[in-house]
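work_27.pdb follows; it contains PDB, C-alpha atoms.
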ATOM      1  CA  MET A   1     -57.408  35.303 -26.288
ATOM      2  CA  PRO A   2     -57.903  34.612 -30.002
ATOM      3  CA  LEU A   3     -55.314  32.380 -31.628
ATOM      4  CA  PRO A   4     -55.347  33.304 -35.333
ATOM      5  CA  PHE A   5     -52.914  30.562 -36.338
ATOM      6  CA  LEU A   6     -55.473  27.946 -35.336
ATOM      7  CA  THR A   7     -58.051  29.346 -37.754
ATOM      8  CA  ALA A   8     -55.687  29.608 -40.706
ATOM      9  CA  ASP A   9     -57.099  26.441 -42.263
ATOM     10  CA  ARG A  10     -60.389  27.921 -43.439
ATOM     11  CA  VAL A  11     -62.213  25.218 -45.322
ATOM     12  CA  PHE A  12     -64.677  26.972 -47.609
ATOM     13  CA  GLU A  13     -66.419  29.021 -44.937
ATOM     14  CA  ALA A  14     -66.907  31.876 -47.387
ATOM     15  CA  ALA A  15     -70.261  33.164 -48.514
ATOM     16  CA  ASP A  16     -72.140  31.340 -51.255
ATOM     17  CA  ASP A  17     -71.480  34.067 -53.820
ATOM     18  CA  VAL A  18     -67.694  33.561 -53.586
ATOM     19  CA  PRO A  19     -66.698  30.197 -55.100
ATOM     20  CA  LEU A  20     -63.169  30.177 -53.682
ATOM     21  CA  PRO A  21     -61.970  31.829 -50.469
ATOM     22  CA  TYR A  22     -58.984  34.123 -51.020
ATOM     23  CA  ASP A  23     -57.860  37.574 -49.983
ATOM     24  CA  ASP A  24     -55.660  38.693 -52.868
ATOM     25  CA  ARG A  25     -56.493  37.177 -56.244
ATOM     26  CA  ASP A  26     -53.170  38.009 -57.896
ATOM     27  CA  ARG A  27     -50.962  36.161 -55.401
ATOM     28  CA  TRP A  28     -49.738  32.634 -56.010
ATOM     29  CA  ARG A  29     -51.144  30.446 -53.248
ATOM     30  CA  ARG A  30     -51.007  26.825 -52.218
ATOM     31  CA  PRO A  31     -54.599  25.642 -51.693
ATOM     32  CA  TYR A  32     -53.546  23.300 -48.881
ATOM     33  CA  ARG A  33     -51.157  23.169 -45.962
ATOM     34  CA  PRO A  34     -47.795  21.403 -46.223
ATOM     35  CA  GLY A  35     -48.053  17.895 -44.849
ATOM     36  CA  PRO A  36     -46.458  16.569 -41.672
ATOM     37  CA  TRP A  37     -43.834  14.533 -43.543
ATOM     38  CA  ARG A  38     -42.675  17.606 -45.459
ATOM     39  CA  VAL A  39     -42.622  19.801 -42.361
ATOM     40  CA  ALA A  40     -40.817  17.146 -40.299
ATOM     41  CA  SER A  41     -38.164  16.703 -42.999
ATOM     42  CA  ALA A  42     -37.584  20.443 -43.173
ATOM     43  CA  ALA A  43     -37.429  20.671 -39.378
ATOM     44  CA  LEU A  44     -34.816  17.905 -39.243
ATOM     45  CA  ALA A  45     -32.802  19.660 -41.956
ATOM     46  CA  LEU A  46     -32.934  22.916 -39.981
ATOM     47  CA  LEU A  47     -31.871  21.049 -36.839
ATOM     48  CA  LEU A  48     -28.916  19.625 -38.763
ATOM     49  CA  ALA A  49     -28.115  23.133 -40.029
ATOM     50  CA  SER A  50     -28.047  24.459 -36.466
ATOM     51  CA  PHE A  51     -25.450  21.841 -35.513
ATOM     52  CA  VAL A  52     -23.409  22.665 -38.602
ATOM     53  CA  LEU A  53     -23.592  26.393 -37.761
ATOM     54  CA  PHE A  54     -22.456  25.618 -34.213
ATOM     55  CA  GLY A  55     -19.576  23.645 -35.720
ATOM     56  CA  ALA A  56     -18.725  26.618 -37.940
ATOM     57  CA  VAL A  57     -18.515  28.878 -34.867
ATOM     58  CA  ILE A  58     -16.240  26.406 -33.073
ATOM     59  CA  ILE A  59     -14.032  26.053 -36.161
ATOM     60  CA  ALA A  60     -13.860  29.852 -36.490
ATOM     61  CA  ALA A  61     -12.719  30.164 -32.877
ATOM     62  CA  THR A  62     -10.112  27.407 -33.042
ATOM     63  CA  ALA A  63      -8.968  27.034 -36.635
ATOM     64  CA  GLU A  64      -8.610  28.977 -39.834
ATOM     65  CA  PRO A  65     -11.408  31.278 -41.012
ATOM     66  CA  ALA A  66     -11.360  29.694 -44.487
ATOM     67  CA  SER A  67     -12.401  26.294 -43.155
ATOM     68  CA  SER A  68     -15.092  27.956 -41.050
ATOM     69  CA  ALA A  69     -16.433  29.699 -44.155
ATOM     70  CA  VAL A  70     -16.740  26.347 -45.946
ATOM     71  CA  VAL A  71     -18.740  24.842 -43.062
ATOM     72  CA  PHE A  72     -20.861  27.993 -42.838
ATOM     73  CA  GLY A  73     -21.566  27.745 -46.591
ATOM     74  CA  LEU A  74     -22.622  24.115 -46.104
ATOM     75  CA  ALA A  75     -25.049  25.209 -43.385
ATOM     76  CA  LEU A  76     -26.509  27.840 -45.709
ATOM     77  CA  LEU A  77     -27.036  25.167 -48.372
ATOM     78  CA  VAL A  78     -28.891  22.956 -45.874
ATOM     79  CA  ILE A  79     -31.072  25.910 -44.807
ATOM     80  CA  ALA A  80     -31.838  26.794 -48.437
ATOM     81  CA  GLY A  81     -32.735  23.161 -49.126
ATOM     82  CA  ALA A  82     -35.103  23.048 -46.132
ATOM     83  CA  LEU A  83     -36.829  26.239 -47.233
ATOM     84  CA  ARG A  84     -37.156  24.964 -50.796
ATOM     85  CA  LEU A  85     -38.595  21.696 -49.460
ATOM     86  CA  LEU A  86     -41.337  23.687 -47.740
ATOM     87  CA  ARG A  87     -42.231  25.451 -51.025
ATOM     88  CA  VAL A  88     -42.638  22.216 -52.995
ATOM     89  CA  GLY A  89     -46.210  21.596 -54.117
ATOM     90  CA  VAL A  90     -49.004  22.937 -56.272
ATOM     91  CA  TRP A  91     -49.621  26.703 -56.372
ATOM     92  CA  VAL A  92     -52.513  28.423 -58.132
ATOM     93  CA  SER A  93     -53.370  31.956 -59.213
ATOM     94  CA  PRO A  94     -55.642  33.514 -61.828
ATOM     95  CA  ARG A  95     -52.710  33.371 -64.250
ATOM     96  CA  GLY A  96     -52.239  29.605 -64.065
ATOM     97  CA  LEU A  97     -51.084  26.581 -62.152
ATOM     98  CA  ARG A  98     -47.525  26.225 -60.859
ATOM     99  CA  HIS A  99     -46.023  22.876 -59.915
ATOM    100  CA  VAL A 100     -43.002  23.563 -57.727
ATOM    101  CA  GLY A 101     -40.518  20.714 -57.435
ATOM    102  CA  PHE A 102     -37.344  20.621 -55.391
ATOM    103  CA  LEU A 103     -35.113  21.442 -58.364
ATOM    104  CA  ALA A 104     -37.526  22.697 -61.030
ATOM    105  CA  THR A 105     -40.735  24.700 -61.322
ATOM    106  CA  ARG A 106     -43.264  24.347 -64.133
ATOM    107  CA  THR A 107     -45.970  26.952 -64.736
ATOM    108  CA  VAL A 108     -48.922  26.364 -67.042
ATOM    109  CA  SER A 109     -51.398  29.120 -67.892
ATOM    110  CA  TRP A 110     -55.072  28.249 -67.536
ATOM    111  CA  ASP A 111     -55.736  28.625 -71.252
ATOM    112  CA  ARG A 112     -53.316  25.739 -71.944
ATOM    113  CA  VAL A 113     -55.004  23.441 -69.403
ATOM    114  CA  SER A 114     -57.498  20.943 -70.799
ATOM    115  CA  SER A 115     -58.456  19.373 -67.469
ATOM    116  CA  VAL A 116     -57.352  18.819 -63.912
ATOM    117  CA  ARG A 117     -58.761  15.580 -62.551
ATOM    118  CA  THR A 118     -58.310  12.939 -59.897
ATOM    119  CA  VAL A 119     -57.566   9.374 -61.017
ATOM    120  CA  GLN A 120     -56.983   6.071 -59.240
ATOM    121  CA  GLN A 121     -53.593   4.608 -60.208
ATOM    122  CA  PRO A 122     -50.314   3.276 -58.791
ATOM    123  CA  VAL A 123     -48.373   6.155 -57.201
ATOM    124  CA  ARG A 124     -44.961   6.464 -55.598
ATOM    125  CA  TRP A 125     -44.776   6.237 -51.836
ATOM    126  CA  LEU A 126     -43.044   9.431 -50.549
ATOM    127  CA  GLY A 127     -41.369   9.808 -53.947
ATOM    128  CA  LEU A 128     -39.450   6.556 -53.553
ATOM    129  CA  PRO A 129     -39.382   3.861 -56.268
ATOM    130  CA  ARG A 130     -41.899   1.732 -54.358
ATOM    131  CA  THR A 131     -45.420   2.145 -55.777
ATOM    132  CA  VAL A 132     -48.744   1.629 -54.044
ATOM    133  CA  GLN A 133     -52.337   2.009 -55.179
ATOM    134  CA  GLY A 134     -53.584   5.530 -54.568
ATOM    135  CA  GLN A 135     -55.123   8.623 -56.077
ATOM    136  CA  ALA A 136     -53.338  11.257 -58.095
ATOM    137  CA  LEU A 137     -54.260  14.688 -59.381
ATOM    138  CA  LEU A 138     -53.393  14.922 -63.086
ATOM    139  CA  LEU A 139     -52.835  18.027 -65.185
ATOM    140  CA  VAL A 140     -53.873  17.367 -68.787
ATOM    141  CA  ARG A 141     -52.745  20.065 -71.219
ATOM    142  CA  ARG A 142     -54.510  20.859 -74.461
ATOM    143  CA  GLY A 143     -53.496  18.435 -77.209
ATOM    144  CA  GLN A 144     -51.975  15.987 -74.722
ATOM    145  CA  SER A 145     -53.263  12.564 -73.727
ATOM    146  CA  ALA A 146     -53.961  11.664 -70.111
ATOM    147  CA  GLU A 147     -51.261   8.966 -70.297
ATOM    148  CA  GLY A 148     -48.393  11.443 -70.453
ATOM    149  CA  ALA A 149     -49.943  13.907 -68.008
ATOM    150  CA  PRO A 150     -47.769  14.938 -65.066
ATOM    151  CA  LEU A 151     -48.868  14.105 -61.523
ATOM    152  CA  LEU A 152     -49.437  17.235 -59.471
ATOM    153  CA  MET A 153     -49.990  15.528 -56.128
ATOM    154  CA  THR A 154     -50.824  12.074 -54.815
ATOM    155  CA  THR A 155     -52.333  10.518 -51.713
ATOM    156  CA  HIS A 156     -48.920   9.071 -50.826
ATOM    157  CA  ASP A 157     -46.635  12.089 -51.199
ATOM    158  CA  ALA A 158     -45.112  14.067 -48.338
ATOM    159  CA  ASP A 159     -48.136  16.350 -48.043
ATOM    160  CA  PHE A 160     -50.941  13.790 -47.931
ATOM    161  CA  LEU A 161     -49.573  10.463 -46.661
ATOM    162  CA  GLY A 162     -52.158   9.217 -44.175
ATOM    163  CA  ARG A 163     -54.414  12.231 -44.818
ATOM    164  CA  ALA A 164     -56.903  11.147 -47.488
ATOM    165  CA  GLU A 165     -59.438  13.816 -46.482
ATOM    166  CA  ALA A 166     -56.831  16.549 -46.881
ATOM    167  CA  PHE A 167     -55.977  15.213 -50.351
ATOM    168  CA  ASP A 168     -59.654  15.268 -51.334
ATOM    169  CA  ARG A 169     -60.046  18.872 -50.132
ATOM    170  CA  ALA A 170     -56.855  19.995 -51.895
ATOM    171  CA  ALA A 171     -57.749  18.206 -55.136
ATOM    172  CA  ASP A 172     -61.243  19.708 -55.059
ATOM    173  CA  SER A 173     -59.759  23.143 -54.478
ATOM    174  CA  VAL A 174     -57.288  22.868 -57.382
ATOM    175  CA  GLU A 175     -60.054  21.520 -59.627
ATOM    176  CA  ALA A 176     -62.274  24.455 -58.602
ATOM    177  CA  TRP A 177     -59.496  26.916 -59.461
ATOM    178  CA  ALA A 178     -59.137  25.224 -62.842
ATOM    179  CA  GLU A 179     -62.873  25.343 -63.551
ATOM    180  CA  GLU A 180     -63.187  28.985 -62.501
ATOM    181  CA  ASN A 181     -60.175  30.238 -64.436
ATOM    182  CA  ARG A 182     -60.512  28.102 -67.587
ATOM    183  CA  ALA A 183     -64.031  29.508 -68.086
ATOM    184  CA  ARG A 184     -62.645  33.033 -68.535
TER     185      ARG A 184
END
Kindly transcribe the structure held in the file into structure tokens.
Amino acid sequence: MPLPFLTADRVFEAADDVPLPYDDRDRWRRPYRPGPWRVASAALALLLASFVLFGAVIIAATAEPASSAVVFGLALLVIAGALRLLRVGVWVSPRGLRHVGFLATRTVSWDRVSSVRTVQQPVRWLGLPRTVQGQALLLVRRGQSAEGAPLLMTTHDADFLGRAEAFDRAADSVEAWAEENRAR
């Protein structure tokens, strides 16, 4: 029996005439899978939300509906946060590059991008204040120096911690999208 979810991580198995494998060019897509730290955090948040929802049902059965609605609203906030956590990352399309953060999203069209490149520098470990030596993918806009360039992803963020090969593949893929779409 074929298991299509096991083959979802196609790593450039396309024909030579197609530089980047994709089905629908106009869709925003993340050129890599979410990392285990990000998925585990979202799973723990959803587990917490299930307990809070169970508490909301118990409160609804034994207490006032208003207090149950507050707990239910809290559970919905936790679920929304877990889903947003799964969307965090770098997304690409022919229109541009989108850097989705937990609270904010920045989109840059390809004509405003000067370069997308990998550099060796101190990076934050899982977004915490502690820094370690690692690699980062920088987005340099036209008329901007590389010093003030935002970090798109690093080898020590929630998607790539302990997965240097996955970071290299993802960085190469984003750089390929930039090269293909900036040339237009």
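Proximity ranking of A:Glu64, A:Asp168, A:Glu179, A:Asp157 relative to Val123 (chain A) places A:Asp157 first, based on only C-alpha atoms.
Using all atoms listed in the file, the nearest neighbour of His99 (chain A) within the list A:Leu152, A:Val70, A:Ala82, A:Leu48 is A:Leu152.
Each of A:Arg29, A:Arg38, A:Ser67, A:Ala43 was compared to Phe102 (chain A) using all atoms listed in the file, and A:Arg38 turns out to be the nearest.
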* Asked: Can you list what the PyMOL selection byres ((chain A and resi 160-164) around 12) grabs from this structure, as a PyMOL selection string?
  -> chain A and resi 32-39+89+123-127+132+134-137+153-159+165-171
Could you tell me which residues the PyMOL selection byres ((chain A and resi 101) around 10) grabs in this file, written as a CSV table (one decimal) with C-alpha atoms, in the coordinates of the input?
chain,number,residue,atom,x,y,z
A,84,ARG,CA,-37.2,25.0,-50.8
A,85,LEU,CA,-38.6,21.7,-49.5
A,87,ARG,CA,-42.2,25.5,-51.0
A,88,VAL,CA,-42.6,22.2,-53.0
A,89,GLY,CA,-46.2,21.6,-54.1
A,90,VAL,CA,-49.0,22.9,-56.3
A,98,ARG,CA,-47.5,26.2,-60.9
A,99,HIS,CA,-46.0,22.9,-59.9
A,100,VAL,CA,-43.0,23.6,-57.7
A,102,PHE,CA,-37.3,20.6,-55.4
A,103,LEU,CA,-35.1,21.4,-58.4
A,104,ALA,CA,-37.5,22.7,-61.0
A,105,THR,CA,-40.7,24.7,-61.3
A,106,ARG,CA,-43.3,24.3,-64.1
A,152,LEU,CA,-49.4,17.2,-59.5
* To verify the selection step, state as number ranges by chain which residues the PyMOL selection byres ((chain A and resi 108) around 12) yields on this input. => A: 90-100, 105-107, 109-116, 139-142, 150, 152, 178, 182
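Using all atoms listed in the file, the nearest neighbour of Ala45 (chain A) within the list A:Leu138, A:Leu128, A:Ile79, A:Leu86 is A:Ile79.
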* Structure fact -> In Å and to one decimal, CA of Ala49 (chain A) is distant from CA of Ala75 (chain A) by 5.0 Å
* Asked: Hey, can you check how far CA of Leu83 (chain A) sits from CA of Trp28 (chain A)?
  ->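 Going from CA of Leu83 (chain A) over to CA of Trp28 (chain A), I get 16.9 Å.
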Using the structure just given, write a file holding C-alpha atoms for region 79-97 of chain A, as a PDB file, in the first residue's frame.
ATOM      1  CA  ILE A  79      -5.210  26.620  19.725  1.00  0.00           C
ATOM      2  CA  ALA A  80      -4.773  29.746  17.584  1.00  0.00           C
ATOM      3  CA  GLY A  81      -1.286  30.237  19.023  1.00  0.00           C
ATOM      4  CA  ALA A  82      -0.316  26.630  18.228  1.00  0.00           C
ATOM      5  CA  LEU A  83      -1.553  26.964  14.660  1.00  0.00           C
ATOM      6  CA  ARG A  84       0.283  30.259  14.214  1.00  0.00           C
ATOM      7  CA  LEU A  85       3.446  28.647  15.605  1.00  0.00           C
ATOM      8  CA  LEU A  86       3.239  26.032  12.855  1.00  0.00           C
ATOM      9  CA  ARG A  87       3.006  28.756  10.168  1.00  0.00           C
ATOM     10  CA  VAL A  88       6.123  30.602  11.348  1.00  0.00           C
ATOM     11  CA  GLY A  89       8.961  30.486   8.832  1.00  0.00           C
ATOM     12  CA  VAL A  90       9.997  31.527   5.354  1.00  0.00           C
ATOM     13  CA  TRP A  91       7.462  31.267   2.512  1.00  0.00           C
ATOM     14  CA  VAL A  92       8.190  31.889  -1.162  1.00  0.00           C
ATOM     15  CA  SER A  93       6.159  32.481  -4.310  1.00  0.00           C
ATOM     16  CA  PRO A  94       6.794  34.122  -7.677  1.00  0.00           C
ATOM     17  CA  ARG A  95       5.579  37.389  -6.151  1.00  0.00           C
ATOM     18  CA  GLY A  96       8.187  37.520  -3.390  1.00  0.00           C
ATOM     19  CA  LEU A  97       9.490  36.224  -0.110  1.00  0.00           C
TER      20      LEU A  97
END
